[in-house]
file entry.pdb (PDB, C-alpha atoms)
ATOM      1  CA  MET A   1      11.873  28.170  -5.398
ATOM      2  CA  LYS A   2      10.762  27.316  -8.909
ATOM      3  CA  ARG A   3      10.316  24.047 -10.753
ATOM      4  CA  THR A   4      13.241  22.932 -12.845
ATOM      5  CA  LYS A   5      12.181  19.284 -12.864
ATOM      6  CA  ASN A   6       8.884  17.453 -13.136
ATOM      7  CA  ILE A   7       8.850  16.003  -9.602
ATOM      8  CA  HIS A   8       5.949  13.864  -8.395
ATOM      9  CA  LEU A   9       5.277  12.700  -4.854
ATOM     10  CA  LEU A  10       3.546   9.328  -4.454
ATOM     11  CA  VAL A  11       2.232   8.660  -0.942
ATOM     12  CA  ILE A  12       1.029   5.136  -0.228
ATOM     13  CA  ASP A  13      -1.869   4.573   2.201
ATOM     14  CA  PRO A  14      -1.124   7.292   4.803
ATOM     15  CA  GLN A  15      -4.283   6.438   6.729
ATOM     16  CA  ASN A  16      -5.176   6.430  10.405
ATOM     17  CA  ASP A  17      -5.595   2.668  10.643
ATOM     18  CA  PHE A  18      -1.891   2.291   9.806
ATOM     19  CA  MET A  19      -0.731   4.950  12.279
ATOM     20  CA  ASP A  20       0.778   4.046  15.652
ATOM     21  CA  ILE A  21      -2.011   5.804  17.518
ATOM     22  CA  PRO A  22      -4.704   4.592  19.950
ATOM     23  CA  GLY A  23      -7.552   2.850  18.174
ATOM     24  CA  ALA A  24      -5.670   2.109  14.943
ATOM     25  CA  ALA A  25      -6.610  -1.249  13.474
ATOM     26  CA  LEU A  26      -3.212  -2.126  12.032
ATOM     27  CA  PRO A  27      -0.582   0.226  13.514
ATOM     28  CA  VAL A  28       2.821   0.343  11.864
ATOM     29  CA  PRO A  29       5.580   1.267  14.351
ATOM     30  CA  GLY A  30       6.981   4.692  13.534
ATOM     31  CA  SER A  31       4.270   5.615  11.051
ATOM     32  CA  SER A  32       3.000   8.778  12.737
ATOM     33  CA  ASP A  33       6.488  10.253  12.809
ATOM     34  CA  ASP A  34       6.897   9.193   9.166
ATOM     35  CA  MET A  35       3.857  11.273   8.232
ATOM     36  CA  ARG A  36       4.971  14.281  10.273
ATOM     37  CA  ARG A  37       8.314  14.264   8.482
ATOM     38  CA  LEU A  38       6.545  13.932   5.151
ATOM     39  CA  ALA A  39       4.268  16.865   5.996
ATOM     40  CA  ALA A  40       7.362  18.950   6.769
ATOM     41  CA  LEU A  41       8.882  18.007   3.406
ATOM     42  CA  ILE A  42       5.745  19.053   1.528
ATOM     43  CA  ARG A  43       5.774  22.428   3.266
ATOM     44  CA  ARG A  44       9.467  22.887   2.489
ATOM     45  CA  ILE A  45       9.525  21.900  -1.204
ATOM     46  CA  GLY A  46       5.863  22.132  -2.184
ATOM     47  CA  LYS A  47       6.500  24.630  -4.959
ATOM     48  CA  ARG A  48       8.928  22.170  -6.556
ATOM     49  CA  LEU A  49       6.278  19.427  -6.725
ATOM     50  CA  SER A  50       4.393  19.125 -10.002
ATOM     51  CA  ASP A  51       1.839  16.727  -8.550
ATOM     52  CA  ILE A  52       1.020  14.685  -5.462
ATOM     53  CA  HIS A  53      -0.644  11.278  -5.660
ATOM     54  CA  VAL A  54      -2.080   9.644  -2.534
ATOM     55  CA  THR A  55      -3.366   6.083  -2.533
ATOM     56  CA  LEU A  56      -6.189   5.140  -0.188
ATOM     57  CA  ASP A  57      -6.572   1.562   0.978
ATOM     58  CA  SER A  58     -10.356   1.158   0.854
ATOM     59  CA  HIS A  59     -12.005  -1.978   2.171
ATOM     60  CA  ARG A  60     -15.352  -3.396   3.153
ATOM     61  CA  VAL A  61     -16.082  -5.356   6.338
ATOM     62  CA  ILE A  62     -16.510  -8.598   4.399
ATOM     63  CA  ASP A  63     -13.248  -8.905   2.505
ATOM     64  CA  VAL A  64     -11.047 -11.822   1.505
ATOM     65  CA  ALA A  65      -8.400 -10.594   3.956
ATOM     66  CA  HIS A  66     -10.774  -9.823   6.860
ATOM     67  CA  PRO A  67     -11.983 -12.315   9.493
ATOM     68  CA  GLY A  68     -15.650 -11.987   8.495
ATOM     69  CA  MET A  69     -15.083 -13.845   5.222
ATOM     70  CA  TRP A  70     -13.927 -17.086   6.871
ATOM     71  CA  THR A  71     -14.921 -19.783   9.343
ATOM     72  CA  ASP A  72     -13.479 -23.028  10.640
ATOM     73  CA  GLY A  73     -15.422 -26.260  11.145
ATOM     74  CA  ASN A  74     -16.778 -24.998  14.463
ATOM     75  CA  GLY A  75     -18.057 -21.664  13.231
ATOM     76  CA  ASN A  76     -15.132 -19.650  14.577
ATOM     77  CA  LEU A  77     -13.703 -16.730  12.646
ATOM     78  CA  PRO A  78      -9.939 -16.666  12.136
ATOM     79  CA  ALA A  79      -7.818 -14.534  14.419
ATOM     80  CA  PRO A  80      -6.050 -11.594  12.778
ATOM     81  CA  PHE A  81      -2.718 -12.532  11.171
ATOM     82  CA  THR A  82      -3.889 -16.071  10.376
ATOM     83  CA  ILE A  83      -2.429 -17.298   7.091
ATOM     84  CA  ILE A  84      -4.877 -19.242   4.926
ATOM     85  CA  GLY A  85      -3.237 -21.322   2.224
ATOM     86  CA  ALA A  86      -4.857 -23.197  -0.627
ATOM     87  CA  GLY A  87      -4.300 -26.410   1.330
ATOM     88  CA  ASP A  88      -6.253 -25.013   4.273
ATOM     89  CA  ILE A  89      -9.228 -24.250   2.050
ATOM     90  CA  ALA A  90      -9.021 -27.591   0.239
ATOM     91  CA  ALA A  91      -8.995 -29.432   3.573
ATOM     92  CA  ALA A  92     -11.821 -27.252   4.943
ATOM     93  CA  ARG A  93      -9.677 -26.026   7.838
ATOM     94  CA  TRP A  94     -10.893 -22.619   6.704
ATOM     95  CA  THR A  95     -13.839 -22.098   4.413
ATOM     96  CA  PRO A  96     -15.785 -19.046   3.215
ATOM     97  CA  ARG A  97     -18.850 -18.280   5.296
ATOM     98  CA  VAL A  98     -20.696 -18.117   1.970
ATOM     99  CA  PRO A  99     -20.194 -21.712   0.735
ATOM    100  CA  SER A 100     -20.691 -20.812  -2.922
ATOM    101  CA  LEU A 101     -17.441 -18.788  -2.784
ATOM    102  CA  ARG A 102     -15.288 -21.789  -1.879
ATOM    103  CA  LYS A 103     -14.211 -22.660  -5.426
ATOM    104  CA  ARG A 104     -13.434 -19.040  -6.267
ATOM    105  CA  LEU A 105     -11.349 -18.402  -3.143
ATOM    106  CA  LEU A 106      -9.554 -21.731  -3.382
ATOM    107  CA  GLU A 107      -8.436 -20.775  -6.885
ATOM    108  CA  TYR A 108      -7.468 -17.330  -5.601
ATOM    109  CA  ALA A 109      -5.209 -18.816  -2.917
ATOM    110  CA  ARG A 110      -3.667 -21.169  -5.457
ATOM    111  CA  VAL A 111      -2.869 -18.323  -7.857
ATOM    112  CA  LEU A 112      -1.245 -16.327  -5.041
ATOM    113  CA  GLU A 113       1.020 -19.274  -4.298
ATOM    114  CA  GLN A 114       1.792 -19.983  -7.944
ATOM    115  CA  ASN A 115       2.717 -16.340  -8.577
ATOM    116  CA  GLY A 116       4.922 -16.059  -5.498
ATOM    117  CA  ASN A 117       2.761 -13.334  -3.955
ATOM    118  CA  TYR A 118       2.359 -12.868  -0.241
ATOM    119  CA  PRO A 119       0.152 -15.708   1.033
ATOM    120  CA  LEU A 120      -3.418 -14.854   1.947
ATOM    121  CA  MET A 121      -3.255 -13.313   5.423
ATOM    122  CA  VAL A 122      -6.250 -12.364   7.498
ATOM    123  CA  TRP A 123      -5.698  -8.821   8.755
ATOM    124  CA  PRO A 124      -7.738  -6.964  11.357
ATOM    125  CA  GLU A 125     -10.606  -5.088   9.747
ATOM    126  CA  HIS A 126      -8.882  -1.936   8.508
ATOM    127  CA  CYS A 127      -9.419   1.089   6.291
ATOM    128  CA  VAL A 128     -13.128   0.300   6.090
ATOM    129  CA  ILE A 129     -14.786   2.881   3.873
ATOM    130  CA  GLY A 130     -16.514   5.581   5.921
ATOM    131  CA  THR A 131     -14.666   4.937   9.179
ATOM    132  CA  PRO A 132     -12.130   7.246  10.879
ATOM    133  CA  GLY A 133      -9.441   4.645  10.114
ATOM    134  CA  HIS A 134      -9.890   5.309   6.390
ATOM    135  CA  THR A 135      -8.974   8.983   6.846
ATOM    136  CA  VAL A 136      -5.549  10.422   5.965
ATOM    137  CA  GLN A 137      -3.312  11.122   8.980
ATOM    138  CA  ALA A 138      -4.036  14.621  10.304
ATOM    139  CA  ASP A 139      -0.589  16.270   9.976
ATOM    140  CA  LEU A 140      -0.183  15.049   6.427
ATOM    141  CA  MET A 141      -3.731  15.972   5.431
ATOM    142  CA  LYS A 142      -3.227  19.514   6.690
ATOM    143  CA  ALA A 143      -0.021  19.823   4.627
ATOM    144  CA  LEU A 144      -1.754  18.410   1.549
ATOM    145  CA  MET A 145      -4.584  20.921   1.807
ATOM    146  CA  GLU A 146      -2.121  23.780   2.275
ATOM    147  CA  TRP A 147      -0.308  22.624  -0.879
ATOM    148  CA  GLU A 148      -3.583  22.510  -2.825
ATOM    149  CA  ARG A 149      -4.448  26.076  -1.828
ATOM    150  CA  SER A 150      -0.934  27.381  -2.471
ATOM    151  CA  GLU A 151      -0.460  25.685  -5.844
ATOM    152  CA  ILE A 152      -4.084  25.962  -6.991
ATOM    153  CA  ALA A 153      -4.056  22.228  -7.613
ATOM    154  CA  ASN A 154      -5.784  19.122  -6.327
ATOM    155  CA  VAL A 155      -4.093  16.073  -4.856
ATOM    156  CA  ASP A 156      -4.673  12.994  -6.988
ATOM    157  CA  PHE A 157      -6.339  10.504  -4.627
ATOM    158  CA  VAL A 158      -6.187   6.920  -5.930
ATOM    159  CA  THR A 159      -8.586   4.403  -4.386
ATOM    160  CA  LYS A 160      -7.619   0.739  -4.191
ATOM    161  CA  GLY A 161      -8.969  -2.329  -2.422
ATOM    162  CA  THR A 162     -12.722  -2.025  -2.888
ATOM    163  CA  ASN A 163     -13.013  -5.456  -4.528
ATOM    164  CA  ALA A 164     -13.744  -7.905  -1.703
ATOM    165  CA  PHE A 165     -12.267 -10.933  -3.480
ATOM    166  CA  THR A 166      -8.650  -9.901  -4.041
ATOM    167  CA  GLU A 167      -6.009  -8.164  -1.977
ATOM    168  CA  HIS A 168      -4.727  -4.905  -3.421
ATOM    169  CA  TYR A 169      -1.379  -4.015  -1.870
ATOM    170  CA  GLY A 170       0.156  -2.247  -4.846
ATOM    171  CA  ALA A 171      -1.300   0.968  -6.268
ATOM    172  CA  LEU A 172      -1.119  -0.212  -9.873
ATOM    173  CA  MET A 173      -3.075  -3.466  -9.691
ATOM    174  CA  ALA A 174      -4.568  -6.061  -7.364
ATOM    175  CA  GLU A 175      -2.680  -9.180  -6.316
ATOM    176  CA  VAL A 176      -4.945 -11.225  -8.597
ATOM    177  CA  PRO A 177      -6.879  -8.959 -10.983
ATOM    178  CA  ASP A 178     -10.568  -9.697 -11.420
ATOM    179  CA  PRO A 179     -11.373  -9.673 -15.156
ATOM    180  CA  GLU A 180     -14.868  -8.401 -14.362
ATOM    181  CA  ASP A 181     -13.618  -5.439 -12.316
ATOM    182  CA  PRO A 182     -11.436  -2.878 -14.163
ATOM    183  CA  SER A 183     -10.413  -1.264 -10.858
ATOM    184  CA  THR A 184      -8.275  -4.339 -10.096
ATOM    185  CA  GLY A 185      -6.382  -4.282 -13.399
ATOM    186  CA  LEU A 186      -3.301  -2.304 -14.355
ATOM    187  CA  ASN A 187      -3.777   1.423 -13.705
ATOM    188  CA  THR A 188      -2.320   2.594 -17.006
ATOM    189  CA  GLY A 189      -3.209   6.227 -16.333
ATOM    190  CA  LEU A 190      -1.112   6.410 -13.175
ATOM    191  CA  LEU A 191       1.661   4.475 -14.883
ATOM    192  CA  GLU A 192       1.790   6.982 -17.733
ATOM    193  CA  VAL A 193       1.979   9.885 -15.286
ATOM    194  CA  MET A 194       4.902   8.174 -13.562
ATOM    195  CA  ARG A 195       6.595   7.635 -16.919
ATOM    196  CA  GLU A 196       6.461  11.358 -17.715
ATOM    197  CA  ALA A 197       7.939  12.445 -14.368
ATOM    198  CA  ASP A 198      11.626  13.350 -13.989
ATOM    199  CA  GLU A 199      11.712  12.178 -10.376
ATOM    200  CA  ILE A 200       9.227  10.201  -8.288
ATOM    201  CA  LEU A 201       9.377  10.588  -4.507
ATOM    202  CA  ILE A 202       7.824   7.647  -2.673
ATOM    203  CA  ALA A 203       6.630   7.467   0.937
ATOM    204  CA  GLY A 204       3.870   5.826   2.949
ATOM    205  CA  GLU A 205       2.821   2.694   4.771
ATOM    206  CA  ALA A 206       3.741   0.020   5.021
ATOM    207  CA  LEU A 207       7.225  -0.367   3.569
ATOM    208  CA  SER A 208       6.953  -4.167   3.749
ATOM    209  CA  HIS A 209       3.653  -4.369   1.890
ATOM    210  CA  CYS A 210       1.936  -1.590  -0.024
ATOM    211  CA  VAL A 211       5.044   0.544  -0.615
ATOM    212  CA  LYS A 212       7.047  -2.494  -1.681
ATOM    213  CA  SER A 213       4.294  -3.789  -3.958
ATOM    214  CA  THR A 214       3.670  -0.376  -5.519
ATOM    215  CA  VAL A 215       7.326   0.246  -6.340
ATOM    216  CA  ASP A 216       7.713  -3.275  -7.725
ATOM    217  CA  GLN A 217       4.615  -2.890  -9.895
ATOM    218  CA  ILE A 218       5.732   0.455 -11.294
ATOM    219  CA  ALA A 219       9.285  -0.798 -11.854
ATOM    220  CA  ASP A 220       8.056  -3.944 -13.609
ATOM    221  CA  HIS A 221       5.744  -2.057 -15.982
ATOM    222  CA  ILE A 222       7.346   1.338 -16.548
ATOM    223  CA  GLY A 223      10.570   0.183 -18.193
ATOM    224  CA  GLU A 224      14.014  -0.137 -16.647
ATOM    225  CA  GLU A 225      15.149   3.233 -18.028
ATOM    226  CA  HIS A 226      12.651   4.927 -15.689
ATOM    227  CA  VAL A 227      13.487   3.024 -12.488
ATOM    228  CA  LYS A 228      16.461   5.263 -11.687
ATOM    229  CA  LYS A 229      14.176   8.236 -11.124
ATOM    230  CA  PHE A 230      12.587   6.663  -8.037
ATOM    231  CA  ARG A 231      13.507   8.317  -4.730
ATOM    232  CA  ILE A 232      12.301   6.397  -1.674
ATOM    233  CA  LEU A 233      12.068   8.714   1.337
ATOM    234  CA  SER A 234      13.754   6.440   3.840
ATOM    235  CA  ASP A 235      12.461   8.226   6.943
ATOM    236  CA  CYS A 236       8.856   8.435   5.695
ATOM    237  CA  SER A 237       8.011   4.741   5.494
ATOM    238  CA  SER A 238       8.151   1.836   7.966
ATOM    239  CA  PRO A 239       7.445  -1.917   7.801
ATOM    240  CA  VAL A 240       4.741  -3.941   9.523
ATOM    241  CA  ALA A 241       6.134  -5.487  12.700
ATOM    242  CA  LYS A 242       6.795  -9.221  12.936
ATOM    243  CA  VAL A 243       3.771 -10.985  14.418
ATOM    244  CA  GLY A 244       4.337 -14.162  16.421
ATOM    245  CA  ASP A 245       5.628 -16.994  14.259
ATOM    246  CA  GLY A 246       4.511 -15.229  11.087
ATOM    247  CA  PRO A 247       6.726 -13.651   8.433
ATOM    248  CA  ASP A 248       9.488 -11.299   9.552
ATOM    249  CA  PHE A 249       8.200  -8.235   7.731
ATOM    250  CA  PRO A 250      11.020  -5.861   8.793
ATOM    251  CA  ALA A 251      13.574  -8.359   7.429
ATOM    252  CA  ILE A 252      11.563  -8.726   4.220
ATOM    253  CA  ALA A 253      11.506  -4.944   3.822
ATOM    254  CA  ALA A 254      15.251  -4.636   4.463
ATOM    255  CA  ALA A 255      16.051  -7.331   1.882
ATOM    256  CA  TRP A 256      13.758  -5.658  -0.633
ATOM    257  CA  ILE A 257      15.454  -2.289  -0.113
ATOM    258  CA  ARG A 258      18.790  -3.880  -1.003
ATOM    259  CA  ASP A 259      17.285  -5.439  -4.123
ATOM    260  CA  ILE A 260      15.571  -2.281  -5.314
ATOM    261  CA  GLU A 261      18.710  -0.209  -4.741
ATOM    262  CA  ALA A 262      20.547  -2.691  -6.961
ATOM    263  CA  ARG A 263      18.007  -1.894  -9.701
ATOM    264  CA  GLY A 264      18.937   1.787  -9.487
ATOM    265  CA  VAL A 265      16.433   3.196  -6.995
ATOM    266  CA  THR A 266      17.817   5.873  -4.637
ATOM    267  CA  LEU A 267      17.101   6.174  -0.908
ATOM    268  CA  VAL A 268      17.146   9.659   0.585
ATOM    269  CA  ARG A 269      16.088  11.230   3.857
ATOM    270  CA  SER A 270      13.279  13.767   3.648
ATOM    271  CA  ASP A 271      15.347  16.482   5.344
ATOM    272  CA  GLU A 272      18.193  15.989   2.857
ATOM    273  CA  TYR A 273      16.158  15.964  -0.360
ATOM    274  CA  LEU A 274      16.679  19.302  -2.177
ATOM    275  CA  ALA A 275      18.233  20.714   1.004
TER     276      ALA A 275
END

call {"tool": "encode", "arguments": {"input": "entry.pdb", "output": "structure tokens"}}
result
Amino acid sequence: MKRTKNIHLLVIDPQNDFMDIPGAALPVPGSSDDMRRLAALIRRIGKRLSDIHVTLDSHRVIDVAHPGMWTDGNGNLPAPFTIIGAGDIAAARWTPRVPSLRKRLLEYARVLEQNGNYPLMVWPEHCVIGTPGHTVQADLMKALMEWERSEIANVDFVTKGTNAFTEHYGALMAEVPDPEDPSTGLNTGLLEVMREADEILIAGEALSHCVKSTVDQIADHIGEEHVKKFRILSDCSSPVAKVGDGPDFPAIAAAWIRDIEARGVTLVRSDEYLA
């Protein structure tokens, strides 16, 4: 099997904290099977892949989207999946535990709302740097290392999320870039690599958040003529489950899939691609 096209695989946040396994901080239903199918694809078509890019969600304990950043008037931390809007901060229903950050985070929440981004949600502490939850899922990691040895190449690992003051769902840029932190701005290097590819296979977790945001960011910056080369591996990505009265993330993901298909993106099962 030889390369006739420049095919890149982009894997979004395939980390243990997103797997549906015991001890995961933020399990996505179906994610472990997603990664096993993706590992099988890499073994089957690895020699056809010019490059593999893997993003790593990389957080600290004190993070704008973790409970430890916030407190209510009684000193309580927010429960996971609490949504904190600009109005909540303005009314002091939720306030940073470091009071000097109040103005900065109030403006952050306002910009999220003005830009139509996901609202600020407090997630369980997840993908904390140095923890087992930050590690790539075992089946996929084994397949990646086999590919590196076979192809005499290294996987391109892309870190995102280390800035504690902005969420970073998409691989190309943070939700609200920090002008003092280049790691939150547009990743022009990755964008250029995507522009040069003939086909871009996309998989990872979660479909409703980081996969969605990454594809949207690439599509919005790469140029419409390139969007048609996206191939979303439909059986290698799953959405975050609906939580209580919060957003219906599976429905959001399904609606987004319809929209992105209308832009020219193709969905394909991993066992059918290049079969």

call {"tool": "closest_residue", "arguments": {"input": "entry.pdb", "among": "A:Asp248, A:Asp63, A:Asp271, A:Glu261", "to": "Arg36 of chain A", "atoms": "all atoms listed in the file"}}
result
A:Asp271

call {"tool": "closest_residue", "arguments": {"input": "entry.pdb", "among": "A:Leu267, A:Ala90, A:Met141, A:Ile84", "to": "Ala39 of chain A", "atoms": "only C-alpha atoms"}}
result
A:Met141

call {"tool": "residues_near_point", "arguments": {"input": "entry.pdb", "point": "(-0.5, -15.3, 10.2)", "cutoff": "9 Å", "atoms": "all atoms listed in the file", "output": "VMD selection string"}}
result
chain A and resid 79 to 84 120 to 123 243 to 247

call {"tool": "resolve_selection", "arguments": {"input": "entry.pdb", "expression": "the PyMOL selection byres ((chain A and resi 237) around 7)", "output": "MDAnalysis selection string"}}
result
chainID A and resid 31 34 203:207 234:236 238

call {"tool": "resolve_selection", "arguments": {"input": "entry.pdb", "expression": "the PyMOL selection byres ((chain A and resi 177) around 10)", "output": "PyMOL selection string"}}
result
chain A and resi 108+163+165-168+173-176+178-186

call {"tool": "write_last_selection", "arguments": {"input": "entry.pdb", "atoms": "C-alpha atoms", "output": "mmCIF file, keeping the file's coordinate frame"}}
result
data_model
loop_
_atom_site.group_PDB
_atom_site.id
_atom_site.type_symbol
_atom_site.label_atom_id
_atom_site.label_comp_id
_atom_site.auth_asym_id
_atom_site.auth_seq_id
_atom_site.Cartn_x
_atom_site.Cartn_y
_atom_site.Cartn_z
ATOM 1 C CA TYR A 108 -7.468 -17.330 -5.601
ATOM 2 C CA ASN A 163 -13.013 -5.456 -4.528
ATOM 3 C CA PHE A 165 -12.267 -10.933 -3.480
ATOM 4 C CA THR A 166 -8.650 -9.901 -4.041
ATOM 5 C CA GLU A 167 -6.009 -8.164 -1.977
ATOM 6 C CA HIS A 168 -4.727 -4.905 -3.421
ATOM 7 C CA MET A 173 -3.075 -3.466 -9.691
ATOM 8 C CA ALA A 174 -4.568 -6.061 -7.364
ATOM 9 C CA GLU A 175 -2.680 -9.180 -6.316
ATOM 10 C CA VAL A 176 -4.945 -11.225 -8.597
ATOM 11 C CA ASP A 178 -10.568 -9.697 -11.420
ATOM 12 C CA PRO A 179 -11.373 -9.673 -15.156
ATOM 13 C CA GLU A 180 -14.868 -8.401 -14.362
ATOM 14 C CA ASP A 181 -13.618 -5.439 -12.316
ATOM 15 C CA PRO A 182 -11.436 -2.878 -14.163
ATOM 16 C CA SER A 183 -10.413 -1.264 -10.858
ATOM 17 C CA THR A 184 -8.275 -4.339 -10.096
ATOM 18 C CA GLY A 185 -6.382 -4.282 -13.399
ATOM 19 C CA LEU A 186 -3.301 -2.304 -14.355
#

call {"tool": "axis_aligned_box", "arguments": {"input": "entry.pdb", "around": "segment 153-169 of chain A", "padding_each_side": "4 Å", "output": "AutoDock Vina command-line options"}}
result
--center_x -7.6 --center_y 5.6 --center_z -4.7 --size_x 20.4 --size_y 41.2 --size_z 13.9

call {"tool": "atom_distance", "arguments": {"input": "entry.pdb", "atom1": "atom CA of Gly87 of chain A", "atom2": "atom CA of Ala164 of chain A"}}
result
21.0 Å

call {"tool": "resolve_selection", "arguments": {"input": "entry.pdb", "expression": "the PyMOL selection byres ((chain A and resi 160) around 8)", "output": "list of chain:residue names"}}
result
A:Thr55, A:Leu56, A:Asp57, A:Ser58, A:Val158, A:Thr159, A:Gly161, A:Thr162, A:His168, A:Ala171, A:Ser183, A:Thr184

call {"tool": "residues_around", "arguments": {"input": "entry.pdb", "residues": "Trp94 of chain A", "least_positions_apart": "5", "cutoff": "8 Å", "atoms": "only C-alpha atoms", "output": "list in words"}}
result
Trp70, Thr71, Asp72, Gly73, Ile84, Asp88 and Ile89 of chain A

call {"tool": "write_last_selection", "arguments": {"input": "entry.pdb", "atoms": "C-alpha atoms", "output": "PDB file, in the coordinates of the input"}}
result
ATOM      1  CA  TRP A  70     -13.927 -17.086   6.871  1.00  0.00           C
ATOM      2  CA  THR A  71     -14.921 -19.783   9.343  1.00  0.00           C
ATOM      3  CA  ASP A  72     -13.479 -23.028  10.640  1.00  0.00           C
ATOM      4  CA  GLY A  73     -15.422 -26.260  11.145  1.00  0.00           C
ATOM      5  CA  ILE A  84      -4.877 -19.242   4.926  1.00  0.00           C
ATOM      6  CA  ASP A  88      -6.253 -25.013   4.273  1.00  0.00           C
ATOM      7  CA  ILE A  89      -9.228 -24.250   2.050  1.00  0.00           C
TER       8      ILE A  89
END

call {"tool": "residues_near_point", "arguments": {"input": "entry.pdb", "point": "(-4.9, 15.8, 0.8)", "cutoff": "8 Å", "atoms": "all atoms listed in the file", "output": "PyMOL selection string"}}
result
chain A and resi 54+136+140-145+148+154-155+157

call {"tool": "closest_residue", "arguments": {"input": "entry.pdb", "among": "A:Ile232, A:Ala153, A:Ala275, A:Leu106", "to": "Val11 of chain A", "atoms": "all atoms listed in the file"}}
result
A:Ile232

call {"tool": "closest_residue", "arguments": {"input": "entry.pdb", "among": "A:Ile21, A:Ala92, A:Leu201, A:Val28", "to": "Phe249 of chain A", "atoms": "all atoms listed in the file"}}
result
A:Val28

call {"tool": "atom_distance", "arguments": {"input": "entry.pdb", "atom1": "atom CA of Ser213 of chain A", "atom2": "atom CA of Asp33 of chain A"}}
result
22.0 Å

call {"tool": "closest_residue", "arguments": {"input": "entry.pdb", "among": "A:Ile12, A:Leu274, A:Ala91, A:Ile42", "to": "Glu151 of chain A", "atoms": "only C-alpha atoms"}}
result
A:Ile42

call {"tool": "atom_distance", "arguments": {"input": "entry.pdb", "atom1": "atom CA of Thr95 of chain A", "atom2": "atom CA of Arg110 of chain A"}}
result
14.2 Å

call {"tool": "closest_residue", "arguments": {"input": "entry.pdb", "among": "A:Leu172, A:Cys127, A:Ile222, A:Ile202", "to": "Leu26 of chain A", "atoms": "only C-alpha atoms"}}
result
A:Cys127

call {"tool": "residues_around", "arguments": {"input": "entry.pdb", "residues": "segment 255-259 of chain A", "least_positions_apart": "4", "cutoff": "8 Å", "atoms": "all atoms listed in the file", "output": "list in words"}}
result
Lys212, Ala251 and Arg263 of chain A

call {"tool": "residues_around", "arguments": {"input": "entry.pdb", "residues": "Val215 of chain A", "least_positions_apart": "5", "cutoff": "9 Å", "atoms": "all atoms listed in the file", "output": "ChimeraX atom specification"}}
result
/A:170-171,202,210,220,230,260
